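Everything on this sheet refers to the single structure shown next.
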2 protein chains.
Amino acid sequence: MKNIYLLIVVLFKIGLAFPQSDENIIHNIYNEQLTNSPIYDNLRYLSKEIGHRISGSEQLEKAIVYTRDLMNQYQFDSVYLQPVEVSNWQRGNKEIVRFIDSTYLNRNLNCIALGNSVGTTEEGVEGQVIEVQGLNELEKMDESLVNGKIVFLNESMDKTCINTFNAYNKVSIQREQGATKASKKGAIAVIVRSLAINNDDFPRTGYMAYEKGAKKIPAVAISTNDADLLSKLLKEESTIKVYIKLNCQTNPNVHSFNVIGEIIGSQYPDEIIVVGGHLDSWDVGEGAHDDGGGCLQAIEVLRTFKQLKINPKHTLRVVLWNDEENSWGGNITYAEKNKQTNKKHLAALESDMGVFTPIGFNIDTDNQKEFEKIISRKHLFEPYQIYQFKKGHAGADIAPLKKEGTTLIGLITDSQRYHTLHHSENDTFDKVNKRELELGAAAMTSMIYLIDKYSFD
Amino acid sequence: MKNIYLLIVVLFKIGLAFPQSDENIIHNIYNEQLTNSPIYDNLRYLSKEIGHRISGSEQLEKAIVYTRDLMNQYQFDSVYLQPVEVSNWQRGNKEIVRFIDSTYLNRNLNCIALGNSVGTTEEGVEGQVIEVQGLNELEKMDESLVNGKIVFLNESMDKTCINTFNAYNKVSIQREQGATKASKKGAIAVIVRSLAINNDDFPRTGYMAYEKGAKKIPAVAISTNDADLLSKLLKEESTIKVYIKLNCQTNPNVHSFNVIGEIIGSQYPDEIIVVGGHLDSWDVGEGAHDDGGGCLQAIEVLRTFKQLKINPKHTLRVVLWNDEENSWGGNITYAEKNKQTNKKHLAALESDMGVFTPIGFNIDTDNQKEFEKIISRKHLFEPYQIYQFKKGHAGADIAPLKKEGTTLIGLITDSQRYHTLHHSENDTFDKVNKRELELGAAAMTSMIYLIDKYSFD
């Protein structure tokens, strides 16, 4: 009798006697994050010691080394750098947007060049400003009204959207395509209202591109407060002129890396479940929410598997993509290179909506059976205040895997604060709450655990 | 035909042609808050211009006038002050807790007297420190170990609780009753670990009381960082002594007011639906989250009804209670005074969990039918990311109405950040997000709208 008791104790200790329930394992994952996670200190290092890290920059190279070393320190089965060619756009000296006539003579507006914009000439550019509310209005305008002018795209984010990403997605096109649409009607530059849900003095940069063949005119964002001011002044004095000087330029692409770490699957080593974020950021703030926190959450998923001795059936792979902000250089190359292997991506999970309290998952798949399998376990997340499981856009970095048939999943976080700091000087480590960051890592780990266990039989 | 069309337009404009759906009305309530609410500016004024406002203070009197004037400005049907007798505990000069022997000779610890504590003598008190992990451990200790010493109650908040209020509720008893339990064993003072979910240098005050007949010994909190330091040192040098000097004292109660405003019900003027918060705060920080924001959300409920021309069947009453933090002076008096009238409280809704993103409602009622009625409309809140409807503690200020049979409801907000700032210098306006504050007011207004329309037939 005593021997049987001893045997049970020994088996229990090595986890063989009573396989743990999913509830227990998820509970352990959350406890590990909330009491024992290094993620907050790691994000402090990435944000404060390395700082922002645009693709092509020295800081990004430092971040690549730092995160690779972390994965080695956590003894992932395989850690390596994947060569990729990435953008090398540089801002140069601080840009200027200035009133040159008006009651605000020579007052500077809070501004920042949009990513990928051309610079102005050394002398800068000056011109009369014409305000339009978004691209639809611009499209309808007669060329004669726009020709030779600076177009001020002032459509604002819709504050009535509960999820602020819906507001962002409705108007981001004016930032992305505004310069092309305006130059086609003869504009000499565009000023874009910052994509912010609040009113403040922080201008927001972000991706823009020129259509092939379009004349490349300078594109700059101004803060929401200054956009309101400019709009108000234009109602009073319709002939206001401004001066713009941008010092940015696009240099030839450079060689860099995606950072990859793996735990090899015990049953299906060639079937991959990916979890990741993008290691590059814009060249302002610290890239703490976008997307330093998301990268470190992805690393935590694998670290937590190892720490809790959960052996995945499939290979778990963390990928920290390069150059998401400027040109998707890292994620497109990643997806293409994988096609040349015998490995298959079953699922991919991304955290790139700010490391705030997790509230759900967007699921993007054509495989209705897999969608329903994931949904069928949503009750396991409800004790952790995660209720939203819905079809939706999962993330930019995993999007290129969709063609392969991969099930894409995006962590949804509480979005109320994200668009007060996104792409601005305000995206700094002090805006990150330790528990919110940890809860996100725990939610992601729990999702990967369930997918590895139940999906794709 | 033309006349009929005109008639429909006119009826539609005055809202008679097609009664709006609940979905539409709730949508309008949210839009009003997210685009047109004065609440953020009002909270800025209350927090920055008036500041913290402990019961008995001049600032609280200013806050009473300010909020009464707001309700008058919004043209509520009736606005008045209800006389109440309230606590008048005063901190006096900054308190001191200091190492007097140890490797940290004469180093001050970050400390704050607990609310309602007696002061020390002019000379202060010094003694050897004995650490205990909460009241259960203290209860079991032999008196000889405690007698003549300073008891250091160091039980920490459980970081694995997803809702941080659960962690708070598990250990708050050591703050509330620690002095009494320790003095019964001969202790000369208590030092309490701050009730914070994070590690920082901000000490947290909060309610404590002495049991009748117990010897009143000084009670002071130290920051979580300093609690960890003291605990570490005690493991190295068990004879560490500290010096404590508290300058606080309890003065005789003073006369003050609860602030009340009403919209009179069109069908049941004597049946009241209450919504409120407490206007007093601790005497540190700005009382922005606790509970300035909650008070202003309650005012917004009635302002939004008026703005959207929703006529309630029952009387809606906003009550801003006095003296919640020190002795419940305001809310107990309020409940007692109401008994002397012919008015009945059907339901009461409180916001006092921080003005973060709303995620649900705690419902406290013995009336199962009313509980189920409320639950049956939870789908109306899901588009607004509110999913939690459960039985639970609704709030301290409305608790005295339970005896009357009132259905009590508490707004649940995302709790991750609350216990990083609660009862400390850190509870300031800059920690409030405008949209989160507005979403709370919208959720409360929507709940009151549904209760007025459907409950208590």
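Residues in the structure tokens are named by chain (A, B, ... in the order shown) and by number from 1 within that chain; ligands are numbered from 1 in the order shown.
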
Dump as a Markdown table the rows for residues of chain B within 8 Å of chain A: closest atom pair and distance in Å with one decimal, only C-alpha atoms counted, ordered by chain and rising residue number.
```
| residue | atom | partner | partner_atom | distance |
| --- | --- | --- | --- | --- |
| B:Tyr30 | CA | A:Thr160 | CA | 7.3 |
| B:Asn31 | CA | A:Thr160 | CA | 5.5 |
| B:Leu34 | CA | A:Thr160 | CA | 5.8 |
| B:Thr35 | CA | A:Lys159 | CA | 6.5 |
| B:Lys159 | CA | A:Leu34 | CA | 6.0 |
| B:Thr160 | CA | A:Asn31 | CA | 5.5 |
| B:Ile162 | CA | A:Tyr384 | CA | 6.3 |
| B:Thr357 | CA | A:Gln416 | CA | 7.8 |
| B:Tyr384 | CA | A:Ile162 | CA | 6.3 |
| B:Gln385 | CA | A:Ile162 | CA | 8.0 |
| B:Tyr387 | CA | A:Tyr387 | CA | 7.1 |
| B:Gln416 | CA | A:Arg435 | CA | 6.4 |
| B:Arg417 | CA | A:Asn433 | CA | 7.1 |
| B:Asn433 | CA | A:Arg417 | CA | 7.1 |
| B:Arg435 | CA | A:Gln416 | CA | 6.4 |
| B:Glu436 | CA | A:Gln416 | CA | 6.6 |
```

For Val132 of chain A, find every residue with an atom within 10 Å (counting only C-alpha atoms), except residues of its own chain fewer than 6 positions away, and show them as number ranges by chain. A: 138-139, 141, 151-155, 192, 231

I need the residue nearest Ala221 of chain A from this list: A:Lys170, A:Arg53, A:His423, A:Lys403. Use only C-alpha atoms for the distance.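 Using only C-alpha atoms, Ala221 of chain A sits closest to A:His423.
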
As number ranges by chain, please: the residues near segment 293-299 of chain B (cut-off 6 Å, only C-alpha atoms, same-chain neighbours under 2 positions excluded). B: 275-277, 288-289, 291, 301-302, 351-352, 355, 441

Pull the alpha helix (DSSP H) assignments for segment 81-283 of chain A out of DSSP run on the backbone, and list those residues as an MDAnalysis selection string. chainID A and resid 134:140 143:146 164:183 224:236

List the neighbours of Pro358 of chain B out to 6 Å using only C-alpha atoms; skip same-chain residues closer than 2 positions along the sequence, and give me the result as a list of chain:residue names.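 Neighbouring residues, sequence-local ones excluded: B:Ile412, B:Thr413, B:Gly440.
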
Could you go through segment 344-417 of chain A and tell me which residues DSSP, when run on the backbone, assigns to strand (DSSP E), listing them as a list in words? Lys344, His345, Leu346, Ala347, Ala348, Leu349, Glu350, Pro358, Ile359, Gly360, Phe361, Asn362, Ile363, Asp364, Gln388, Phe389, Lys390, Lys391, Thr407, Leu408, Ile409, Gly410, Leu411, Ile412 and Thr413 of chain A

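Across B:Ala227, B:Ile217, B:Val65, B:Ile374, the tightest approach to Lys181 of chain B is made by B:Ile217 when counting only C-alpha atoms.
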
Ala196 of chain A: which residues within 10 Å, counting only C-alpha atoms, same-chain residues fewer than 5 positions away excluded, as an MDAnalysis selection string? chainID A and resid 156:159 164 167:168 202:204 223:224 418:424

Restricting the output to all heavy atoms, write the selected residues as a short mmCIF file (atom, residue, chain, number, x, y, z; two decimals), in the first residue's frame.
```
data_model
loop_
_atom_site.label_atom_id
_atom_site.label_comp_id
_atom_site.auth_asym_id
_atom_site.auth_seq_id
_atom_site.Cartn_x
_atom_site.Cartn_y
_atom_site.Cartn_z
N SER A 156 -11.02 63.34 -40.08
CA SER A 156 -10.61 62.92 -38.74
C SER A 156 -11.13 61.53 -38.42
O SER A 156 -12.03 61.01 -39.07
CB SER A 156 -11.11 63.93 -37.71
OG SER A 156 -12.50 64.02 -37.78
N MET A 157 -10.55 60.92 -37.42
CA MET A 157 -10.98 59.60 -36.99
C MET A 157 -12.36 59.71 -36.32
O MET A 157 -12.62 60.65 -35.57
CB MET A 157 -9.95 59.00 -36.00
CG MET A 157 -8.73 58.43 -36.72
SD MET A 157 -7.42 57.82 -35.60
CE MET A 157 -8.17 56.33 -34.93
N ASP A 158 -13.20 58.75 -36.58
CA ASP A 158 -14.58 58.77 -36.09
C ASP A 158 -14.60 58.31 -34.63
O ASP A 158 -14.40 57.14 -34.32
CB ASP A 158 -15.41 57.82 -36.97
CG ASP A 158 -16.86 57.72 -36.50
OD1 ASP A 158 -17.23 58.34 -35.47
OD2 ASP A 158 -17.64 57.01 -37.18
N LYS A 159 -14.84 59.27 -33.74
CA LYS A 159 -14.78 58.96 -32.30
C LYS A 159 -15.89 58.03 -31.84
O LYS A 159 -15.84 57.51 -30.72
CB LYS A 159 -14.81 60.27 -31.50
CG LYS A 159 -13.56 61.09 -31.70
CD LYS A 159 -13.54 62.37 -30.87
CE LYS A 159 -12.22 63.10 -31.17
NZ LYS A 159 -12.09 64.37 -30.47
N THR A 164 -11.16 51.54 -31.70
CA THR A 164 -10.56 52.67 -32.41
C THR A 164 -9.87 52.23 -33.71
O THR A 164 -9.60 53.07 -34.57
CB THR A 164 -9.56 53.43 -31.52
OG1 THR A 164 -8.49 52.55 -31.15
CG2 THR A 164 -10.23 53.97 -30.27
N ALA A 167 -12.02 53.12 -36.60
CA ALA A 167 -11.89 54.53 -36.97
C ALA A 167 -10.61 54.74 -37.78
O ALA A 167 -10.59 55.47 -38.77
CB ALA A 167 -11.88 55.39 -35.71
N TYR A 168 -9.55 54.10 -37.36
CA TYR A 168 -8.24 54.22 -38.04
C TYR A 168 -8.33 53.69 -39.47
O TYR A 168 -7.88 54.34 -40.41
CB TYR A 168 -7.22 53.43 -37.23
CG TYR A 168 -5.80 53.47 -37.75
CD1 TYR A 168 -5.00 54.58 -37.54
CD2 TYR A 168 -5.26 52.39 -38.43
CE1 TYR A 168 -3.68 54.62 -38.01
CE2 TYR A 168 -3.95 52.42 -38.90
CZ TYR A 168 -3.17 53.53 -38.69
OH TYR A 168 -1.88 53.56 -39.15
N PHE A 202 0.98 65.96 -30.56
CA PHE A 202 1.94 64.99 -31.09
C PHE A 202 1.59 64.61 -32.53
O PHE A 202 0.55 63.97 -32.76
CB PHE A 202 1.95 63.71 -30.25
CG PHE A 202 2.46 63.91 -28.86
CD1 PHE A 202 1.60 64.14 -27.81
CD2 PHE A 202 3.83 63.89 -28.61
CE1 PHE A 202 2.07 64.33 -26.52
CE2 PHE A 202 4.31 64.08 -27.33
CZ PHE A 202 3.43 64.30 -26.28
N PRO A 203 2.42 64.97 -33.50
CA PRO A 203 2.13 64.52 -34.87
C PRO A 203 2.44 63.03 -35.01
O PRO A 203 3.32 62.51 -34.33
CB PRO A 203 3.08 65.37 -35.71
CG PRO A 203 4.22 65.69 -34.80
CD PRO A 203 3.65 65.76 -33.41
N ARG A 204 1.71 62.35 -35.89
CA ARG A 204 1.86 60.90 -36.10
C ARG A 204 2.41 60.62 -37.48
O ARG A 204 1.80 61.03 -38.47
CB ARG A 204 0.49 60.22 -36.01
CG ARG A 204 0.07 59.74 -34.66
CD ARG A 204 -0.28 60.86 -33.73
NE ARG A 204 -0.95 60.32 -32.52
CZ ARG A 204 -1.33 61.05 -31.50
NH1 ARG A 204 -1.11 62.35 -31.49
NH2 ARG A 204 -1.93 60.50 -30.46
N SER A 223 -0.13 67.66 -36.09
CA SER A 223 -0.88 67.18 -34.92
C SER A 223 -2.37 67.50 -35.07
O SER A 223 -2.74 68.40 -35.83
CB SER A 223 -0.35 67.83 -33.65
OG SER A 223 -0.72 69.19 -33.62
N THR A 224 -3.21 66.79 -34.36
CA THR A 224 -4.65 67.05 -34.44
C THR A 224 -4.99 68.46 -33.97
O THR A 224 -5.84 69.13 -34.57
CB THR A 224 -5.44 66.00 -33.63
OG1 THR A 224 -4.85 65.82 -32.34
CG2 THR A 224 -5.48 64.66 -34.35
N TYR A 418 -4.70 53.15 -27.57
CA TYR A 418 -3.70 52.95 -28.62
C TYR A 418 -3.55 54.16 -29.53
O TYR A 418 -2.43 54.59 -29.82
CB TYR A 418 -4.06 51.71 -29.44
CG TYR A 418 -2.92 51.23 -30.33
CD1 TYR A 418 -1.68 50.93 -29.79
CD2 TYR A 418 -3.08 51.07 -31.70
CE1 TYR A 418 -0.64 50.48 -30.58
CE2 TYR A 418 -2.05 50.62 -32.49
CZ TYR A 418 -0.83 50.32 -31.93
OH TYR A 418 0.20 49.87 -32.71
N HIS A 419 -4.66 54.70 -29.97
CA HIS A 419 -4.56 55.80 -30.92
C HIS A 419 -4.41 57.16 -30.26
O HIS A 419 -4.69 58.19 -30.84
CB HIS A 419 -5.71 55.74 -31.93
CG HIS A 419 -5.55 54.56 -32.86
ND1 HIS A 419 -6.25 53.40 -32.69
CD2 HIS A 419 -4.70 54.35 -33.90
CE1 HIS A 419 -5.87 52.53 -33.61
NE2 HIS A 419 -4.94 53.07 -34.35
N THR A 420 -3.93 57.15 -29.01
CA THR A 420 -3.41 58.38 -28.38
C THR A 420 -1.88 58.39 -28.44
O THR A 420 -1.27 59.40 -28.08
CB THR A 420 -3.83 58.50 -26.91
OG1 THR A 420 -3.21 57.46 -26.16
CG2 THR A 420 -5.34 58.41 -26.74
N LEU A 421 -1.28 57.27 -28.85
CA LEU A 421 0.18 57.21 -28.82
C LEU A 421 0.83 56.61 -30.07
O LEU A 421 2.02 56.81 -30.32
CB LEU A 421 0.65 56.44 -27.57
CG LEU A 421 0.07 55.04 -27.33
CD1 LEU A 421 0.79 53.98 -28.13
CD2 LEU A 421 0.14 54.70 -25.85
N HIS A 422 0.04 55.90 -30.87
CA HIS A 422 0.48 55.18 -32.06
C HIS A 422 1.33 56.07 -32.98
O HIS A 422 0.93 57.19 -33.31
CB HIS A 422 -0.79 54.72 -32.78
CG HIS A 422 -0.58 53.87 -33.99
ND1 HIS A 422 -1.13 54.18 -35.21
CD2 HIS A 422 0.09 52.72 -34.16
CE1 HIS A 422 -0.81 53.24 -36.08
NE2 HIS A 422 -0.07 52.33 -35.47
N HIS A 423 2.51 55.58 -33.38
CA HIS A 423 3.37 56.26 -34.36
C HIS A 423 3.81 57.65 -33.93
O HIS A 423 4.05 58.50 -34.78
CB HIS A 423 2.66 56.36 -35.72
CG HIS A 423 2.50 55.04 -36.42
ND1 HIS A 423 1.96 54.93 -37.68
CD2 HIS A 423 2.82 53.77 -36.04
CE1 HIS A 423 1.95 53.65 -38.03
NE2 HIS A 423 2.45 52.92 -37.05
N SER A 424 3.88 57.87 -32.62
CA SER A 424 4.27 59.20 -32.14
C SER A 424 5.35 59.09 -31.06
O SER A 424 5.68 58.00 -30.60
CB SER A 424 3.06 59.93 -31.56
OG SER A 424 2.82 59.52 -30.22
#
```

Length of the atom CA of Ser194 of chain B to atom CA of Ala399 of chain B vector [Å]: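 Calculated distance between atom CA of Ser194 of chain B and atom CA of Ala399 of chain B is 25.5 Å.
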
Mind giving me the straight-line distance from atom CA of Asn147 of chain A to atom CA of Val190 of chain A in Å, one decimal?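 Between atom CA of Asn147 of chain A and atom CA of Val190 of chain A the gap is 12.1 Å.
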